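Undergrad: Starting off with a structure, shown below.
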Amino acid sequence: MRKIIISVFFILSCIVNTARSQNVYKFTDGLAVGPCHQYGREAIYKDELAYQLYSGLIAKPQDGSVFIKNDKGEELKWKPVKSDTSGRFRGESFTNGYIYLTYQSSKEQSVLLNITGHDMVFVNGVPRGGDAYRYGWMHLPVQLKKGNNEFYIRVARFGRFGGITAKLTFPAKAIAINTDDLTLPHIVASLKNDSLWLGIVVLNTTSKKLLGLQVTTELSGKTIMTKLPEIPPMSSRKVGVLVDASSSFATGKHKVSIKLEQNRKVIDESNVELESIAEGKHYSRTFVSNIDGSVQYYSVAPHSKSDGKAPALFLSVHGAEVQAINQARAYKPKDWGVVVAPTNRRPRGFNWEDWGRMDALEVLEIAKKQYKPDPSRIYLTGHSMGGHGTWFLGATYPENWAAIAPSAGYPNLSSYGSHDGQIPENSAIPMEAILLRASNPSNVLALATNYKGLGVYIAHGDADKTVSVEYARQMRKLLGTFHNDFSYYEYPGGEHWYGDESVDWAPIFNFFSWHVIKKDTADTHVDFKTANPGISYKMRWAGIYQQISPLNYSRIQLDRNKIKNSITGKTENTALISLDLAGFDVGQTINISLDSLDVVPYTVKKIDEIIYLKKNSNWEISSQPDASQKVPARYGTFKDGFKSKMVYVYGTKGSAEENTWAIEKARFDSETWYFRGNGAIDIVADVDFDPTKYAERGIVLYGNSENNLAWNKLLADCPVKVSKGKILVGDTQFSGSDLATYFIWPRKDSKTESISVISGTGIKGFKAANANQYFSGGSGFADLMIFSAEMLKSGADGIKMAGFFGNDWSVEKGEFVKK
């Protein structure tokens with residue numbers, strides 16, 4: 001009998017193990033070709049495989065078959081690739097190229113696709129999000145067709161180093177909680193804990209959108225319910241759920257049970273752990289971001305001395321692949337201030353540019369409210385990529401900091417770059433040059449004079465092989481030409497990371513202690529430069545509201561003399577400036593002399609008055625521009641619609657192929673945003689879109705005037721009109737079914753929000769707009785860009801028009817290059 005039981009147990013174990021082994025399919029053999037694409041930190045891209053795919057010209061890859069001939073006339077052939085013992089595809093054959101995999105499915109079915117190390121993948125021709133940094137938690141719900149399924153995996157130059165893995169998982173549940181990628185707070189007894197936000201992922205492998213979902217959490221007997229947003233079919237979404245931790249202060253980990261419910265029926269359950277942190281220890285806290293409504297976190301090295309005095313605040317920005325909590329833990333608690341580390345939204349995120357920049361500013365404002373620091377003692381520091389972030393944020397927002405301290409940092413993405421490559425410094429091609437102008441806000445070297453008003457401490461290891469010490473020496477030399485308040489230190493023998501002293505360096509904090517932010521009224525000189533007033537427009541009491549030539553550098557150098565009742569100075573590329581007259585008495589007449597033009601007298605009418613001056617042939621008093629004008633709150637460029645609780649609106653009134661493109665493109669963008677920005681997006685069909693329901697939110701519109709019903713609701717007065725076979729820009733018409741465009745337009749029902757439009761004249765044009773490198777940190781996109789599918793083969797030659805609208809949002813007063 002015992003032998004029979006053992007035998008039955010053995011058989012059952014084999015059955016279970018066989019079932020489990022069949023639950024996951026790992027790809028081991030494929031074909032590869034490369035290099036055949038060029039993506040980076042600019043609007044122009046090239047991709048021979050995507051071009052053939054969109055044109056219906058691609059031939060089924062075969063071992064040894066010729067894919068294309070390159071610029072040198074050499075044949076690029078498909079070559080076999082095989083995964084190694086760790087399950088990774090490695091080698092030079094797919095550098096800046098593609099890996100081709102196939103799967104024979106016995107039926108139509110839903111699976112989870114997991115690939116690591118790639119930029120994106122075409123699944124049966126449909127673009128899906130990538131996992132460039134090999135995190136492993138990117139699970140894409142995919143519908144397999146019966147028969148052969150094709151996967152073209154796009155790999156950048158860095159992908160080959162860590163290799164590419166690919167597998168299919170056959171899920172046990174069609175709707176499920178996934179806890180591979182969590183955003184969690186710590187429980188801190190001295191802080192509010194009855195409504196802590198945490199981020200979890202919900203997977204939807206069904207063909208229907210999920211409505212009426214809610215999550216109930218339970219911790220130490222306390223339950224709380226959170227209603228979830230809609231989740232589109234065949235997609236995932238990271239959602240925020242609330243936890244009541246007000247009875248869980250015992251130091252250590254506490255289990256949180258999570259129940260996912262639909263119409264009051266539990267459809268999945270899971271558990272996570274929250275840790276309660278002892279007072280005085282480093283911790284993380286979550287918040288709901290204004291950028292997209294997702295759950296983000298920041299970390300803290302707390303103030304070690306509570307003496308009733310307002311602490312200093314040290315904002316510390318982390319390096320690539322560093323979690324914010326690890327950044328905070330590199331600092332011993334300070335007796336005179338609190339260290340706060342934002343996330344950049346991911347360990348790599350956006351290089352502290354674009355949405356990384358916004359994340360830093362968002363956390364800075366949260367930290368000011370939470371810790372109530374001395375407003376004159378706010379400092380900025382960071383290491384590696386965070387060293388770049390320190391240089392960049394310091395130059396972009398100089399009035400925010402008393403002093404900055406970049407460690408092991410590089411100034412510009414044009415010289416160092418990263419996975420997404422470098423920003424090209426310039427171009428002799430006018431079309432490319434005007435697009436590259438949109439990247440000017442990333443040029444730290446061009447903005448370096450903004451450091452004049454703050455202390456700068458540069459630290460770098462002299463043996464750093466990751467970020468060369470030559471970057472520090474470059475900045476030391478540059479600062480030496482105009483700056484009188486900076487310190488420089490090379491750590492002898494220091495590599496890229498030489499222990500916590502790489503950031504927690506006593507001389508840095510000693511240097512910080514000497515510096516305070518001056519009050520605006522005490523600062524008589526302003527020297528400020530910007531490339532985009534929509535990113536940064538003011539320093540102390542003076543601001544640049546509008547430019548003459550958009551996205552070229554603008555500068556003001558002004559002196560205020562309260563004894564002589566004068567403001568004098570010079571400006572560059574400025575059309576409209578603001579002056580804060582705080583400190584001047586009501587009734588005083590101030591003489592304003594700019595650029596050696598006629599003196600403008602002005603009599604102060606009220607306390608803390610702000611006046612505006614407009615430049616025509618002379619400077620003259622003007623009024624504050626209204627929402628119909630370009631202003632700092634809404635200045636462009638194309639990315640501007642992605643900054644404020646954005647919602648993706650896709651068209652449903654075109655052909656079946658066009659409608660499918662619109663929803664698939666919106667999903668592809670949401671997946672890329674999730675991976676890069678730890679974010680989540682509302683995706684809405686045009687038939688369900690009501691502008692009043694989504695008031696004061698950025699809009700990303702997919703489709704054209706004929707197939708997206710939201711077009712006329714949002715863009716009726718826009719001078720750009722896209723329809724079948726043509727694009728009109730003012731009086732200029734472009735014709736063809738393969739045209740695509742990206743452009744920005746202000747929401748007329750809002751003073752601050754914009755619409756980013758992704759459009760085309762036909763299915764080939766729509767697909768040419770699939771690339772979404774606008775999510776690459778620092779990549780430059782103008783107000784308007786029109787291109788044909790030929791750009792995928794010929795680069796800048798395929799662009800028809802690019803440039804910037806005028807300050808009145810007109811085409812006539814704008815600056816454009818046309819082919």
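Please note that chains go A, B, ... in the order of the structure tokens, that every chain numbers its residues from 1, and that ligands are numbered from 1 in the order shown.
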I want to know what sits within 6 Å of stretch 407-418 of chain A, based on only C-alpha atoms, with residues of the same chain fewer than 4 positions away left out; could you give that as JSON, numbers by chain?
TA: {"A": [382, 383, 384, 387, 388, 391, 422, 423, 424, 425, 443, 444, 459, 460, 471]}
Undergrad: Next, write the just-selected residues to a file, as a PDB file, in the first residue's frame, keeping N, CA, C and O atoms as the atom set.
TA:
```pdb
ATOM      1  N   GLY A 382      23.775  65.847  -5.671  1.00  0.00           N
ATOM      2  CA  GLY A 382      23.480  64.584  -6.326  1.00  0.00           C
ATOM      3  C   GLY A 382      24.719  63.963  -6.912  1.00  0.00           C
ATOM      4  O   GLY A 382      25.760  64.622  -7.064  1.00  0.00           O
ATOM      5  N   HIS A 383      24.632  62.686  -7.271  1.00  0.00           N
ATOM      6  CA  HIS A 383      25.786  61.916  -7.709  1.00  0.00           C
ATOM      7  C   HIS A 383      25.519  61.275  -9.066  1.00  0.00           C
ATOM      8  O   HIS A 383      24.418  60.780  -9.346  1.00  0.00           O
ATOM      9  N   SER A 384      26.535  61.267  -9.949  1.00  0.00           N
ATOM     10  CA  SER A 384      26.485  60.604 -11.250  1.00  0.00           C
ATOM     11  C   SER A 384      25.377  61.207 -12.117  1.00  0.00           C
ATOM     12  O   SER A 384      25.420  62.394 -12.420  1.00  0.00           O
ATOM     13  N   GLY A 387      24.439  63.916 -10.445  1.00  0.00           N
ATOM     14  CA  GLY A 387      25.360  65.028 -10.604  1.00  0.00           C
ATOM     15  C   GLY A 387      24.949  65.875 -11.796  1.00  0.00           C
ATOM     16  O   GLY A 387      24.966  67.111 -11.738  1.00  0.00           O
ATOM     17  N   HIS A 388      24.573  65.192 -12.877  1.00  0.00           N
ATOM     18  CA  HIS A 388      24.009  65.922 -14.020  1.00  0.00           C
ATOM     19  C   HIS A 388      22.731  66.636 -13.601  1.00  0.00           C
ATOM     20  O   HIS A 388      22.514  67.805 -13.953  1.00  0.00           O
ATOM     21  N   TRP A 391      23.657  69.792 -11.800  1.00  0.00           N
ATOM     22  CA  TRP A 391      24.060  70.837 -12.746  1.00  0.00           C
ATOM     23  C   TRP A 391      22.833  71.400 -13.466  1.00  0.00           C
ATOM     24  O   TRP A 391      22.681  72.624 -13.607  1.00  0.00           O
ATOM     25  N   GLN A 422      23.107  60.361 -27.091  1.00  0.00           N
ATOM     26  CA  GLN A 422      23.446  61.743 -26.820  1.00  0.00           C
ATOM     27  C   GLN A 422      22.544  62.680 -27.614  1.00  0.00           C
ATOM     28  O   GLN A 422      22.019  62.317 -28.663  1.00  0.00           O
ATOM     29  N   ILE A 423      22.368  63.894 -27.101  1.00  0.00           N
ATOM     30  CA  ILE A 423      21.692  64.923 -27.869  1.00  0.00           C
ATOM     31  C   ILE A 423      22.702  65.487 -28.865  1.00  0.00           C
ATOM     32  O   ILE A 423      23.763  65.962 -28.467  1.00  0.00           O
ATOM     33  N   PRO A 424      22.418  65.433 -30.164  1.00  0.00           N
ATOM     34  CA  PRO A 424      23.348  66.055 -31.113  1.00  0.00           C
ATOM     35  C   PRO A 424      23.530  67.536 -30.788  1.00  0.00           C
ATOM     36  O   PRO A 424      22.569  68.236 -30.454  1.00  0.00           O
ATOM     37  N   GLU A 425      24.765  68.009 -30.864  1.00  0.00           N
ATOM     38  CA  GLU A 425      25.031  69.392 -30.471  1.00  0.00           C
ATOM     39  C   GLU A 425      24.518  70.387 -31.499  1.00  0.00           C
ATOM     40  O   GLU A 425      24.078  71.482 -31.152  1.00  0.00           O
ATOM     41  N   ASN A 443      20.981  72.251 -22.274  1.00  0.00           N
ATOM     42  CA  ASN A 443      22.389  72.633 -22.446  1.00  0.00           C
ATOM     43  C   ASN A 443      22.887  73.392 -21.223  1.00  0.00           C
ATOM     44  O   ASN A 443      22.798  74.617 -21.141  1.00  0.00           O
ATOM     45  N   VAL A 444      23.423  72.666 -20.270  1.00  0.00           N
ATOM     46  CA  VAL A 444      23.916  73.246 -19.030  1.00  0.00           C
ATOM     47  C   VAL A 444      25.043  74.246 -19.296  1.00  0.00           C
ATOM     48  O   VAL A 444      25.111  75.309 -18.658  1.00  0.00           O
ATOM     49  N   ALA A 459      32.616  68.022  -6.703  1.00  0.00           N
ATOM     50  CA  ALA A 459      33.365  66.888  -6.156  1.00  0.00           C
ATOM     51  C   ALA A 459      33.434  65.783  -7.204  1.00  0.00           C
ATOM     52  O   ALA A 459      32.446  65.509  -7.893  1.00  0.00           O
ATOM     53  N   HIS A 460      34.592  65.140  -7.311  1.00  0.00           N
ATOM     54  CA  HIS A 460      34.749  64.070  -8.306  1.00  0.00           C
ATOM     55  C   HIS A 460      35.959  63.220  -7.927  1.00  0.00           C
ATOM     56  O   HIS A 460      36.986  63.750  -7.487  1.00  0.00           O
ATOM     57  N   TYR A 471      35.022  65.973 -16.904  1.00  0.00           N
ATOM     58  CA  TYR A 471      33.796  66.774 -16.865  1.00  0.00           C
ATOM     59  C   TYR A 471      33.870  67.795 -15.727  1.00  0.00           C
ATOM     60  O   TYR A 471      33.456  68.955 -15.883  1.00  0.00           O
TER      61      TYR A 471
END
```
Undergrad: Using only C-alpha atoms, determine which residues lie at most 9 Å from A:Val66, disregarding the query and same-chain residues fewer than 3 positions distant; provide the list as a ChimeraX atom specification.
TA: /A:61-63,69,75-78
Undergrad: Store the residues picked out above in a file with C-alpha atoms, as a CSV table (one decimal), in the first residue's frame.
TA:
```
chain,number,residue,atom,x,y,z
A,61,PRO,CA,13.2,36.3,-42.2
A,62,GLN,CA,15.3,33.2,-43.1
A,63,ASP,CA,18.7,32.1,-42.1
A,69,LYS,CA,22.0,46.8,-48.1
A,75,GLU,CA,24.4,43.2,-47.3
A,76,LEU,CA,22.8,42.8,-43.9
A,77,LYS,CA,21.7,39.3,-43.5
A,78,TRP,CA,19.5,37.5,-40.9
```
Undergrad: Between A:Ala43, A:Ala32, A:Val123, A:Leu242, which residue has the minimum interatomic distance to A:Ile164, considering only C-alpha atoms?
TA: A:Ala32
Undergrad: Need the shell around stretch 769-771 of chain A: protein/DNA/RNA residues with any atom at most 9 Å away, counting only C-alpha atoms. Skip same-chain ones fewer than 2 positions apart. Format as an MDAnalysis selection string?
TA: chainID A and resid 39 45 127 665 668:669 739:742 758:760 764:767 773:774 787 789
Undergrad: Residues as selected, C-alpha atoms, written as a PDB file, in the first residue's frame, can you do that?
TA:
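Ended up saving to selection-v5.pdb:
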```pdb
ATOM      1  CA  TYR A  39      16.765  56.231 -32.335  1.00  0.00           C
ATOM      2  CA  TYR A  45      14.492  58.615 -36.201  1.00  0.00           C
ATOM      3  CA  PRO A 127       4.066  47.958 -31.163  1.00  0.00           C
ATOM      4  CA  LYS A 665      -0.698  53.486 -30.234  1.00  0.00           C
ATOM      5  CA  PHE A 668       1.996  51.555 -26.561  1.00  0.00           C
ATOM      6  CA  ASP A 669       2.546  55.074 -25.216  1.00  0.00           C
ATOM      7  CA  LEU A 739       2.221  61.868 -43.793  1.00  0.00           C
ATOM      8  CA  ALA A 740       2.463  62.097 -40.015  1.00  0.00           C
ATOM      9  CA  THR A 741       2.595  65.005 -37.587  1.00  0.00           C
ATOM     10  CA  TYR A 742       3.228  65.853 -33.960  1.00  0.00           C
ATOM     11  CA  ILE A 758      -0.291  62.576 -32.868  1.00  0.00           C
ATOM     12  CA  SER A 759      -1.844  62.391 -36.290  1.00  0.00           C
ATOM     13  CA  GLY A 760      -1.555  61.168 -39.862  1.00  0.00           C
ATOM     14  CA  LYS A 764       1.066  54.469 -43.325  1.00  0.00           C
ATOM     15  CA  GLY A 765       1.412  57.981 -41.928  1.00  0.00           C
ATOM     16  CA  PHE A 766      -0.209  56.996 -38.641  1.00  0.00           C
ATOM     17  CA  LYS A 767       2.227  54.118 -38.236  1.00  0.00           C
ATOM     18  CA  GLN A 773      11.174  58.787 -28.131  1.00  0.00           C
ATOM     19  CA  TYR A 774       9.525  61.944 -26.800  1.00  0.00           C
ATOM     20  CA  PHE A 787       7.098  64.203 -41.875  1.00  0.00           C
ATOM     21  CA  ALA A 789       7.132  57.672 -43.746  1.00  0.00           C
TER      22      ALA A 789
END
```
Undergrad: Could you list, with a cut-off of 12 Å and counting only C-alpha atoms, the residues of stretch 185-275 of chain A near stretch 370-375 of chain A, each shown with its nearest atom pair and the distance in Å rounded to one decimal, rows sorted by chain and ascending number, as CSV?
TA:
```
residue,atom,partner,partner_atom,distance
A:Ser190,CA,A:Gln370,CA,11.8
A:Leu191,CA,A:Gln370,CA,9.6
A:Lys192,CA,A:Gln370,CA,11.0
```
Undergrad: For A:Gly280, which of A:Ser628, A:Ser306, A:Thr226, A:Asn552 is the closest residue, counting only C-alpha atoms?
TA: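 Residue with the minimum atom-to-atom distance to A:Gly280: A:Ser306.
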Undergrad: Tell me which protein, DNA and RNA residues are within 12 Å of stretch 603-619 of chain A, counting only C-alpha atoms, leaving out same-chain ones fewer than 6 positions away, and put them as JSON, numbers by chain.
TA: {"A": [520, 521, 541, 542, 543, 544, 545, 546, 547, 548, 565, 566, 570, 571, 572, 573, 574, 575, 576, 577, 578, 579, 580, 581, 582, 583, 584, 585, 586, 587, 588, 589, 590, 591, 592, 593, 594, 595, 596, 597, 625]}
Undergrad: List as an MDAnalysis selection string the protein and nucleic acid residues near A:Pro80, meaning an atom at most 12 Å away when only C-alpha atoms are counted, but skip any in the same chain fewer than 6 places from it.
TA: chainID A and resid 28:33 61:65 89:94 98:101
Undergrad: Stretch 291-369 of chain A: which residues are alpha helix (DSSP H) by DSSP, as a PyMOL selection string?
TA: chain A and resi 324-329+355-369
Undergrad: Suppose we keep N, CA and C atoms; can you now write the selection as a PDB file, in the first residue's frame?
TA:
```pdb
ATOM      1  N   ALA A 324      15.641  55.789  -4.660  1.00  0.00           N
ATOM      2  CA  ALA A 324      15.668  56.969  -3.800  1.00  0.00           C
ATOM      3  C   ALA A 324      15.954  56.600  -2.351  1.00  0.00           C
ATOM      4  N   ILE A 325      15.432  55.461  -1.879  1.00  0.00           N
ATOM      5  CA  ILE A 325      15.682  55.078  -0.486  1.00  0.00           C
ATOM      6  C   ILE A 325      17.157  54.789  -0.255  1.00  0.00           C
ATOM      7  N   ASN A 326      17.828  54.207  -1.256  1.00  0.00           N
ATOM      8  CA  ASN A 326      19.265  53.960  -1.108  1.00  0.00           C
ATOM      9  C   ASN A 326      20.059  55.259  -1.174  1.00  0.00           C
ATOM     10  N   GLN A 327      19.566  56.209  -1.955  1.00  0.00           N
ATOM     11  CA  GLN A 327      20.199  57.524  -1.979  1.00  0.00           C
ATOM     12  C   GLN A 327      20.121  58.164  -0.596  1.00  0.00           C
ATOM     13  N   ALA A 328      18.953  58.126   0.016  1.00  0.00           N
ATOM     14  CA  ALA A 328      18.787  58.723   1.342  1.00  0.00           C
ATOM     15  C   ALA A 328      19.651  58.018   2.378  1.00  0.00           C
ATOM     16  N   ARG A 329      19.748  56.687   2.279  1.00  0.00           N
ATOM     17  CA  ARG A 329      20.508  55.921   3.274  1.00  0.00           C
ATOM     18  C   ARG A 329      22.016  56.151   3.174  1.00  0.00           C
ATOM     19  N   TRP A 355      10.162  65.033 -17.183  1.00  0.00           N
ATOM     20  CA  TRP A 355       9.323  64.639 -16.051  1.00  0.00           C
ATOM     21  C   TRP A 355      10.151  64.316 -14.811  1.00  0.00           C
ATOM     22  N   GLY A 356      11.437  64.017 -14.968  1.00  0.00           N
ATOM     23  CA  GLY A 356      12.314  63.901 -13.806  1.00  0.00           C
ATOM     24  C   GLY A 356      12.492  65.243 -13.123  1.00  0.00           C
ATOM     25  N   ARG A 357      12.643  66.281 -13.929  1.00  0.00           N
ATOM     26  CA  ARG A 357      12.709  67.652 -13.413  1.00  0.00           C
ATOM     27  C   ARG A 357      11.422  67.997 -12.656  1.00  0.00           C
ATOM     28  N   MET A 358      10.274  67.640 -13.256  1.00  0.00           N
ATOM     29  CA  MET A 358       8.993  67.919 -12.608  1.00  0.00           C
ATOM     30  C   MET A 358       8.860  67.155 -11.296  1.00  0.00           C
ATOM     31  N   ASP A 359       9.330  65.913 -11.277  1.00  0.00           N
ATOM     32  CA  ASP A 359       9.273  65.106 -10.059  1.00  0.00           C
ATOM     33  C   ASP A 359      10.096  65.766  -8.954  1.00  0.00           C
ATOM     34  N   ALA A 360      11.291  66.244  -9.282  1.00  0.00           N
ATOM     35  CA  ALA A 360      12.140  66.901  -8.290  1.00  0.00           C
ATOM     36  C   ALA A 360      11.447  68.130  -7.715  1.00  0.00           C
ATOM     37  N   LEU A 361      10.829  68.932  -8.584  1.00  0.00           N
ATOM     38  CA  LEU A 361      10.146  70.135  -8.117  1.00  0.00           C
ATOM     39  C   LEU A 361       8.906  69.781  -7.295  1.00  0.00           C
ATOM     40  N   GLU A 362       8.210  68.717  -7.699  1.00  0.00           N
ATOM     41  CA  GLU A 362       7.021  68.289  -6.963  1.00  0.00           C
ATOM     42  C   GLU A 362       7.397  67.853  -5.553  1.00  0.00           C
ATOM     43  N   VAL A 363       8.470  67.077  -5.436  1.00  0.00           N
ATOM     44  CA  VAL A 363       8.922  66.616  -4.122  1.00  0.00           C
ATOM     45  C   VAL A 363       9.460  67.782  -3.303  1.00  0.00           C
ATOM     46  N   LEU A 364      10.128  68.727  -3.956  1.00  0.00           N
ATOM     47  CA  LEU A 364      10.624  69.902  -3.241  1.00  0.00           C
ATOM     48  C   LEU A 364       9.474  70.643  -2.569  1.00  0.00           C
ATOM     49  N   GLU A 365       8.363  70.829  -3.279  1.00  0.00           N
ATOM     50  CA  GLU A 365       7.224  71.528  -2.694  1.00  0.00           C
ATOM     51  C   GLU A 365       6.588  70.708  -1.569  1.00  0.00           C
ATOM     52  N   ILE A 366       6.505  69.391  -1.734  1.00  0.00           N
ATOM     53  CA  ILE A 366       5.975  68.531  -0.667  1.00  0.00           C
ATOM     54  C   ILE A 366       6.864  68.632   0.570  1.00  0.00           C
ATOM     55  N   ALA A 367       8.181  68.604   0.350  1.00  0.00           N
ATOM     56  CA  ALA A 367       9.129  68.662   1.465  1.00  0.00           C
ATOM     57  C   ALA A 367       9.035  69.998   2.205  1.00  0.00           C
ATOM     58  N   LYS A 368       8.820  71.070   1.478  1.00  0.00           N
ATOM     59  CA  LYS A 368       8.681  72.384   2.124  1.00  0.00           C
ATOM     60  C   LYS A 368       7.466  72.398   3.052  1.00  0.00           C
ATOM     61  N   LYS A 369       6.363  71.807   2.591  1.00  0.00           N
ATOM     62  CA  LYS A 369       5.156  71.768   3.414  1.00  0.00           C
ATOM     63  C   LYS A 369       5.314  70.818   4.600  1.00  0.00           C
TER      64      LYS A 369
END
```
Undergrad: Can you pull out every residue within 7 Å of A:Gly147, counting only C-alpha atoms, but drop anything in the same chain fewer than 3 positions away, and send it as a list in words?
TA: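 Contacts, in chain order: Gln104, Ser105 and Ser106 of chain A.
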Undergrad: Enumerate, as a compact mmCIF listing (two decimals) with all heavy atoms, in the first residue's frame, the complete set of residues in stretch 13-66 of chain A that a backbone-based DSSP assignment places in strand (DSSP E).
TA:
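Okay, states.txt is ready:
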```
# COMPACT_ATOMS: atom_id res chain seq x y z
N VAL A 24 4.99 28.23 -18.70
CA VAL A 24 5.91 29.25 -19.20
C VAL A 24 6.65 28.70 -20.40
O VAL A 24 7.19 27.58 -20.36
CB VAL A 24 6.93 29.68 -18.11
CG1 VAL A 24 7.94 30.66 -18.68
CG2 VAL A 24 6.21 30.30 -16.92
N TYR A 25 6.68 29.47 -21.47
CA TYR A 25 7.45 29.08 -22.66
C TYR A 25 8.59 30.06 -22.82
O TYR A 25 8.38 31.28 -22.93
CB TYR A 25 6.57 29.10 -23.91
CG TYR A 25 7.34 28.84 -25.18
CD1 TYR A 25 7.64 27.55 -25.59
CD2 TYR A 25 7.80 29.91 -25.96
CE1 TYR A 25 8.36 27.31 -26.75
CE2 TYR A 25 8.53 29.68 -27.12
CZ TYR A 25 8.81 28.38 -27.52
OH TYR A 25 9.53 28.15 -28.66
N LYS A 26 9.83 29.56 -22.83
CA LYS A 26 11.01 30.40 -22.99
C LYS A 26 11.54 30.28 -24.42
O LYS A 26 11.76 29.17 -24.91
CB LYS A 26 12.08 30.00 -21.99
CG LYS A 26 11.69 30.26 -20.54
CD LYS A 26 12.82 29.90 -19.58
CE LYS A 26 12.42 30.19 -18.14
NZ LYS A 26 13.52 29.85 -17.18
N ASP A 29 15.56 30.11 -29.61
CA ASP A 29 16.16 30.22 -30.95
C ASP A 29 15.47 31.33 -31.73
O ASP A 29 14.25 31.51 -31.66
CB ASP A 29 15.99 28.90 -31.70
CG ASP A 29 16.78 27.77 -31.06
OD1 ASP A 29 17.97 27.65 -31.38
OD2 ASP A 29 16.19 27.05 -30.22
N GLY A 30 16.28 32.05 -32.49
CA GLY A 30 15.72 33.12 -33.31
C GLY A 30 16.69 33.54 -34.39
O GLY A 30 17.72 32.89 -34.63
N LEU A 31 16.37 34.63 -35.05
CA LEU A 31 17.23 35.23 -36.06
C LEU A 31 17.46 36.68 -35.68
O LEU A 31 16.63 37.30 -35.01
CB LEU A 31 16.57 35.16 -37.44
CG LEU A 31 16.32 33.76 -38.01
CD1 LEU A 31 15.44 33.84 -39.26
CD2 LEU A 31 17.65 33.06 -38.33
N ALA A 32 18.60 37.24 -36.10
CA ALA A 32 18.93 38.61 -35.73
C ALA A 32 19.54 39.34 -36.91
O ALA A 32 20.18 38.73 -37.79
CB ALA A 32 19.89 38.62 -34.55
N VAL A 33 19.36 40.65 -36.93
CA VAL A 33 19.95 41.49 -37.96
C VAL A 33 20.25 42.86 -37.36
O VAL A 33 19.55 43.33 -36.46
CB VAL A 33 19.02 41.64 -39.18
CG1 VAL A 33 17.78 42.45 -38.83
CG2 VAL A 33 19.74 42.25 -40.36
N HIS A 37 18.60 50.52 -37.36
CA HIS A 37 17.75 51.60 -36.88
C HIS A 37 18.59 52.62 -36.12
O HIS A 37 19.70 52.33 -35.68
CB HIS A 37 16.59 51.09 -36.02
CG HIS A 37 17.01 50.39 -34.76
ND1 HIS A 37 17.55 51.04 -33.66
CD2 HIS A 37 16.97 49.07 -34.39
CE1 HIS A 37 17.80 50.18 -32.70
NE2 HIS A 37 17.47 48.97 -33.12
N GLN A 38 18.03 53.79 -35.97
CA GLN A 38 18.72 54.88 -35.29
C GLN A 38 17.69 55.70 -34.52
O GLN A 38 16.93 56.48 -35.09
CB GLN A 38 19.45 55.77 -36.30
CG GLN A 38 20.24 56.92 -35.68
CD GLN A 38 20.94 57.74 -36.74
OE1 GLN A 38 21.45 57.20 -37.72
NE2 GLN A 38 20.97 59.05 -36.55
N LYS A 46 15.30 56.81 -37.58
CA LYS A 46 15.39 55.97 -38.78
C LYS A 46 15.22 54.52 -38.37
O LYS A 46 15.76 54.09 -37.35
CB LYS A 46 16.74 56.18 -39.48
CG LYS A 46 16.95 57.59 -40.01
CD LYS A 46 18.37 57.82 -40.49
CE LYS A 46 18.66 57.09 -41.77
NZ LYS A 46 20.00 57.44 -42.32
N ASP A 47 14.48 53.77 -39.16
CA ASP A 47 14.25 52.36 -38.83
C ASP A 47 13.82 51.63 -40.09
O ASP A 47 12.66 51.72 -40.52
CB ASP A 47 13.16 52.24 -37.75
CG ASP A 47 13.06 50.84 -37.16
OD1 ASP A 47 13.31 49.88 -37.90
OD2 ASP A 47 12.73 50.71 -35.97
N VAL A 66 18.93 38.15 -47.14
CA VAL A 66 19.36 39.54 -47.08
C VAL A 66 18.19 40.42 -46.65
O VAL A 66 17.10 40.36 -47.24
CB VAL A 66 19.89 40.01 -48.46
CG1 VAL A 66 20.26 41.49 -48.41
CG2 VAL A 66 21.09 39.18 -48.87
```
Undergrad: Would you mind listing what lies within 9 Å of stretch 478-494 of chain A as a PyMOL selection string, with only C-alpha atoms counted and same-chain residues fewer than 4 positions away left out?
TA: chain A and resi 445+448-449+451-464+469+472-474+498+502+511
Undergrad: Find the residue from A:Leu315, A:Ile175, A:Ile699, A:Val121 that sits nearest to A:Ala402; use only C-alpha atoms when measuring.
TA: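 Using only C-alpha atoms, A:Ala402 sits closest to A:Leu315.
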Undergrad: Quick check, in Å to one decimal: how far apart do atom CA of A:Asp335 and atom CA of A:Ser513 lie?
TA: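 These two atoms are separated by 11.9 Å.
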Undergrad: Using only C-alpha atoms, which of the listed residues (A:Gln624, A:Ser236, A:Ser549, A:Ser110) sits closest to A:Gly806?
TA: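 Counting only C-alpha atoms, the residue closest to A:Gly806 is A:Ser549.
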Undergrad: Calculate how many Å separate atom CA of A:Arg676 from atom CA of A:Gly349, rounding to one decimal.
TA: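 Going from atom CA of A:Arg676 over to atom CA of A:Gly349, I get 5.2 Å.
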